[in-house]
$ cat query_20.pdb   # PDB, C-alpha atoms
ATOM      1  CA  GLY A   1      22.223  26.466   1.618
ATOM      2  CA  THR A   2      19.474  24.193   0.399
ATOM      3  CA  ASP A   3      18.946  23.024   3.966
ATOM      4  CA  ASN A   4      18.225  26.636   5.096
ATOM      5  CA  SER A   5      21.506  26.846   7.004
ATOM      6  CA  PHE A   6      24.618  28.938   6.558
ATOM      7  CA  ALA A   7      26.862  25.872   6.857
ATOM      8  CA  LEU A   8      29.044  25.462   3.771
ATOM      9  CA  ASP A   9      28.908  22.017   2.170
ATOM     10  CA  THR A  10      32.577  21.653   1.242
ATOM     11  CA  ASN A  11      31.777  18.672  -0.990
ATOM     12  CA  GLY A  12      28.678  20.167  -2.581
ATOM     13  CA  LEU A  13      30.238  20.358  -6.058
ATOM     14  CA  GLY A  14      31.366  16.753  -5.852
ATOM     15  CA  GLY A  15      34.992  17.237  -6.923
ATOM     16  CA  ILE A  16      34.809  19.192 -10.178
ATOM     17  CA  ASP A  17      38.062  19.838 -12.037
ATOM     18  CA  ALA A  18      38.409  23.634 -11.964
ATOM     19  CA  THR A  19      41.545  23.340 -14.119
ATOM     20  CA  ASP A  20      39.620  21.717 -16.991
ATOM     21  CA  GLY A  21      42.466  19.286 -17.489
ATOM     22  CA  GLY A  22      45.035  22.079 -17.300
ATOM     23  CA  LEU A  23      43.333  24.376 -19.822
ATOM     24  CA  ALA A  24      41.695  26.752 -17.313
ATOM     25  CA  THR A  25      43.487  29.996 -16.500
ATOM     26  CA  ASP A  26      41.118  32.282 -14.549
ATOM     27  CA  LEU A  27      38.205  32.330 -12.142
ATOM     28  CA  VAL A  28      35.878  34.977 -13.577
ATOM     29  CA  PHE A  29      32.814  36.575 -12.034
ATOM     30  CA  THR A  30      30.648  39.622 -12.553
ATOM     31  CA  VAL A  31      29.846  41.745  -9.543
ATOM     32  CA  THR A  32      28.116  44.995  -8.690
ATOM     33  CA  THR A  33      28.763  46.734  -5.385
ATOM     34  CA  ASP A  34      27.911  50.083  -3.834
ATOM     35  CA  LEU A  35      31.203  50.287  -1.878
ATOM     36  CA  GLN A  36      34.806  49.375  -2.556
ATOM     37  CA  ILE A  37      35.382  46.036  -0.836
ATOM     38  CA  VAL A  38      37.916  43.243  -0.588
ATOM     39  CA  TYR A  39      36.570  39.911  -1.803
ATOM     40  CA  THR A  40      38.108  36.811  -0.284
ATOM     41  CA  VAL A  41      37.515  33.822  -2.528
ATOM     42  CA  GLU A  42      38.018  30.460  -0.873
ATOM     43  CA  ILE A  43      38.202  27.183  -2.754
ATOM     44  CA  TYR A  44      37.715  23.920  -0.854
ATOM     45  CA  ASP A  45      38.906  20.633  -2.292
ATOM     46  CA  THR A  46      37.267  17.308  -1.500
ATOM     47  CA  ALA A  47      40.226  16.185   0.653
ATOM     48  CA  GLY A  48      39.877  19.124   3.082
ATOM     49  CA  GLY A  49      42.400  21.498   1.518
ATOM     50  CA  VAL A  50      41.551  25.209   1.349
ATOM     51  CA  CYS A  51      43.124  27.934  -0.743
ATOM     52  CA  GLU A  52      42.191  31.581  -1.013
ATOM     53  CA  ALA A  53      42.821  34.747  -2.946
ATOM     54  CA  ASN A  54      41.949  38.339  -2.061
ATOM     55  CA  LEU A  55      40.851  40.921  -4.557
ATOM     56  CA  VAL A  56      39.875  44.583  -4.174
ATOM     57  CA  VAL A  57      36.656  45.332  -6.071
ATOM     58  CA  GLU A  58      35.942  48.999  -6.743
ATOM     59  CA  ARG A  59      32.532  50.629  -6.342
ATOM     60  CA  THR A  60      30.420  50.035  -9.427
ATOM     61  CA  PRO A  61      29.784  53.220 -11.447
ATOM     62  CA  GLU A  62      26.133  54.168 -11.943
ATOM     63  CA  ASP A  63      26.333  53.907 -15.734
ATOM     64  CA  TYR A  64      28.307  50.661 -15.977
ATOM     65  CA  ASP A  65      28.875  48.099 -18.697
ATOM     66  CA  LEU A  66      30.229  44.547 -18.615
ATOM     67  CA  ASP A  67      33.873  45.659 -18.534
ATOM     68  CA  ASP A  68      33.167  47.618 -15.329
ATOM     69  CA  ILE A  69      31.805  44.591 -13.455
ATOM     70  CA  LEU A  70      33.934  41.752 -14.869
ATOM     71  CA  VAL A  71      36.471  40.493 -12.324
ATOM     72  CA  ASP A  72      39.041  37.778 -12.862
ATOM     73  CA  ILE A  73      41.512  36.040 -10.595
ATOM     74  CA  PRO A  74      44.244  33.879 -12.156
ATOM     75  CA  LEU A  75      43.956  30.308 -10.872
ATOM     76  CA  SER A  76      47.709  30.447 -10.250
ATOM     77  CA  GLN A  77      46.958  32.721  -7.258
ATOM     78  CA  PHE A  78      45.310  29.802  -5.454
ATOM     79  CA  SER A  79      47.612  27.384  -3.644
ATOM     80  CA  GLY A  80      47.056  24.914  -0.834
ATOM     81  CA  CYS A  81      44.195  22.982  -2.374
ATOM     82  CA  ASP A  82      43.655  20.535  -5.211
ATOM     83  CA  LEU A  83      41.983  22.502  -8.004
ATOM     84  CA  THR A  84      41.322  19.258  -9.881
ATOM     85  CA  SER A  85      38.887  18.111  -7.165
ATOM     86  CA  VAL A  86      36.889  21.145  -5.996
ATOM     87  CA  GLY A  87      34.074  20.681  -3.509
ATOM     88  CA  ALA A  88      33.066  24.324  -2.942
ATOM     89  CA  PHE A  89      33.705  27.983  -3.727
ATOM     90  CA  GLN A  90      32.997  30.598  -1.084
ATOM     91  CA  PHE A  91      32.963  34.380  -1.472
ATOM     92  CA  ILE A  92      33.512  36.375   1.724
ATOM     93  CA  LEU A  93      32.906  40.126   1.871
ATOM     94  CA  PRO A  94      33.925  41.388   5.306
ATOM     95  CA  SER A  95      32.707  44.930   5.962
ATOM     96  CA  ASP A  96      31.852  47.247   8.817
ATOM     97  CA  ASP A  97      29.551  49.158   6.471
ATOM     98  CA  ALA A  98      26.272  47.948   5.027
ATOM     99  CA  VAL A  99      27.662  46.845   1.670
ATOM    100  CA  ASP A 100      25.296  45.832  -1.119
ATOM    101  CA  ALA A 101      26.921  43.406  -3.529
ATOM    102  CA  ILE A 102      25.561  41.098  -6.200
ATOM    103  CA  VAL A 103      27.550  38.329  -7.885
ATOM    104  CA  ARG A 104      25.773  37.492 -11.131
ATOM    105  CA  ARG A 105      27.969  34.931 -12.855
ATOM    106  CA  ILE A 106      30.835  32.699 -11.802
ATOM    107  CA  SER A 107      32.814  30.892 -14.482
ATOM    108  CA  ILE A 108      36.196  29.465 -15.313
ATOM    109  CA  ASP A 109      37.961  30.763 -18.424
ATOM    110  CA  GLY A 110      40.892  29.240 -20.217
ATOM    111  CA  LEU A 111      42.399  27.897 -23.375
ATOM    112  CA  PRO A 112      40.355  26.058 -26.005
ATOM    113  CA  ASP A 113      40.505  22.270 -26.028
ATOM    114  CA  PRO A 114      43.147  21.437 -28.661
ATOM    115  CA  SER A 115      41.545  18.074 -29.443
ATOM    116  CA  ALA A 116      38.089  19.482 -30.124
ATOM    117  CA  SER A 117      37.171  20.402 -33.686
ATOM    118  CA  GLU A 118      34.093  22.518 -34.280
ATOM    119  CA  THR A 119      33.911  21.888 -38.025
ATOM    120  CA  PRO A 120      34.737  18.739 -39.924
ATOM    121  CA  SER A 121      37.564  18.906 -42.428
ATOM    122  CA  PRO A 122      36.294  19.221 -45.995
ATOM    123  CA  SER A 123      36.727  16.130 -48.135
ATOM    124  CA  ARG A 124      37.193  16.302 -51.851
ATOM    125  CA  THR A 125      34.763  14.401 -54.010
ATOM    126  CA  PRO A 126      36.471  12.907 -57.061
ATOM    127  CA  SER A 127      35.252  14.241 -60.362
ATOM    128  CA  PRO A 128      33.299  11.788 -62.483
ATOM    129  CA  ALA A 129      35.342   9.997 -65.140
ATOM    130  CA  PRO A 130      34.840  11.285 -68.691
ATOM    131  CA  THR A 131      32.254   9.361 -70.684
ATOM    132  CA  GLN A 132      33.185   7.560 -73.860
ATOM    133  CA  SER A 133      30.107   8.729 -75.773
ATOM    134  CA  GLY A 134      31.078  12.396 -75.833
ATOM    135  CA  THR A 135      27.638  13.266 -74.477
ATOM    136  CA  PRO A 136      27.914  15.639 -71.566
ATOM    137  CA  THR A 137      26.848  14.270 -68.224
ATOM    138  CA  ARG A 138      25.412  16.186 -65.388
ATOM    139  CA  THR A 139      27.806  16.795 -62.484
ATOM    140  CA  PRO A 140      26.010  16.425 -59.186
ATOM    141  CA  THR A 141      25.978  19.597 -57.104
ATOM    142  CA  ARG A 142      26.988  19.603 -53.465
ATOM    143  CA  THR A 143      24.153  19.953 -51.036
ATOM    144  CA  PRO A 144      25.189  22.269 -48.232
ATOM    145  CA  SER A 145      24.924  20.787 -44.779
ATOM    146  CA  ARG A 146      24.919  22.427 -41.386
ATOM    147  CA  SER A 147      27.975  21.170 -39.577
ATOM    148  CA  ILE A 148      27.394  23.304 -36.479
ATOM    149  CA  GLU A 149      24.042  24.031 -34.935
ATOM    150  CA  CYS A 150      23.512  27.602 -33.806
ATOM    151  CA  THR A 151      22.958  28.097 -30.117
ATOM    152  CA  ILE A 152      21.695  31.306 -28.556
ATOM    153  CA  LEU A 153      22.740  32.037 -24.997
ATOM    154  CA  CYS A 154      20.928  34.392 -22.686
ATOM    155  CA  ASN A 155      22.592  36.216 -19.820
ATOM    156  CA  CYS A 156      19.669  37.411 -17.782
ATOM    157  CA  PRO A 157      19.907  40.332 -15.358
TER     158      PRO A 157
END

$ encode --input "query_20.pdb" --output "structure tokens"
Amino acid sequence: GTDNSFALDTNGLGGIDATDGGLATDLVFTVTTDLQIVYTVEIYDTAGGVCEANLVVERTPEDYDLDDILVDIPLSQFSGCDLTSVGAFQFILPSDDAVDAIVRRISIDGLPDPSASETPSPSRTPSPAPTQSGTPTRTPTRTPSRSIECTILCNCP
């Protein structure tokens, strides 16, 4: 931990909602390991509840890609704690062998927010009324606008 101890701060995350308001479906992480091992994932809620799930993770092949190291556990496998008020996640890798394992990313995946809209709905601009003089008028052209800024994400090794 930040205090140079191995003591788990079970309120370190401050009560995050791991369900994302009911939209979250899976705990996802990427892992590389030199031996097959059982991961025990414990989730601590801020009221003292603990839930856990076990998952067998196979040895990582030498020439691996993201699909080989992506691991997901459905949140429905966790019971006994309040997933809407999470204080800590803990990964336990019990082994009698000298296992080498690296967890690179931990995230929560789920359904998109149904109330969020990434692009505004187009609105129609009324056409100008015809002129009485019979002289053509210039129709203004639409100026394109960027409704969504582009963001580049980097997953570093």

$ resolve_selection --input "query_20.pdb" --expression "the PyMOL selection byres ((chain A and resi 94) around 10)" --output "PyMOL selection string"
chain A and resi 37-40+91-93+95-97+99

$ atom_distance --input "query_20.pdb" --atom1 "CA of Cys51 in chain A" --atom2 "CA of Leu66 in chain A"
27.6 Å

$ atom_distance --input "query_20.pdb" --atom1 "CA of Thr46 in chain A" --atom2 "CA of Asn11 in chain A"
5.7 Å

$ resolve_selection --input "query_20.pdb" --expression "the PyMOL selection byres ((chain A and resi 76) around 12)" --output "ChimeraX atom specification"
/A:18-19,22,24-27,51-53,72-75,77-83

$ residues_near_point --input "query_20.pdb" --point "(24.0, 46.0, -10.2)" --cutoff "9 Å" --atoms "all atoms listed in the file" --output "PyMOL selection string"
chain A and resi 31-34+60+62+64+69+101-104+157
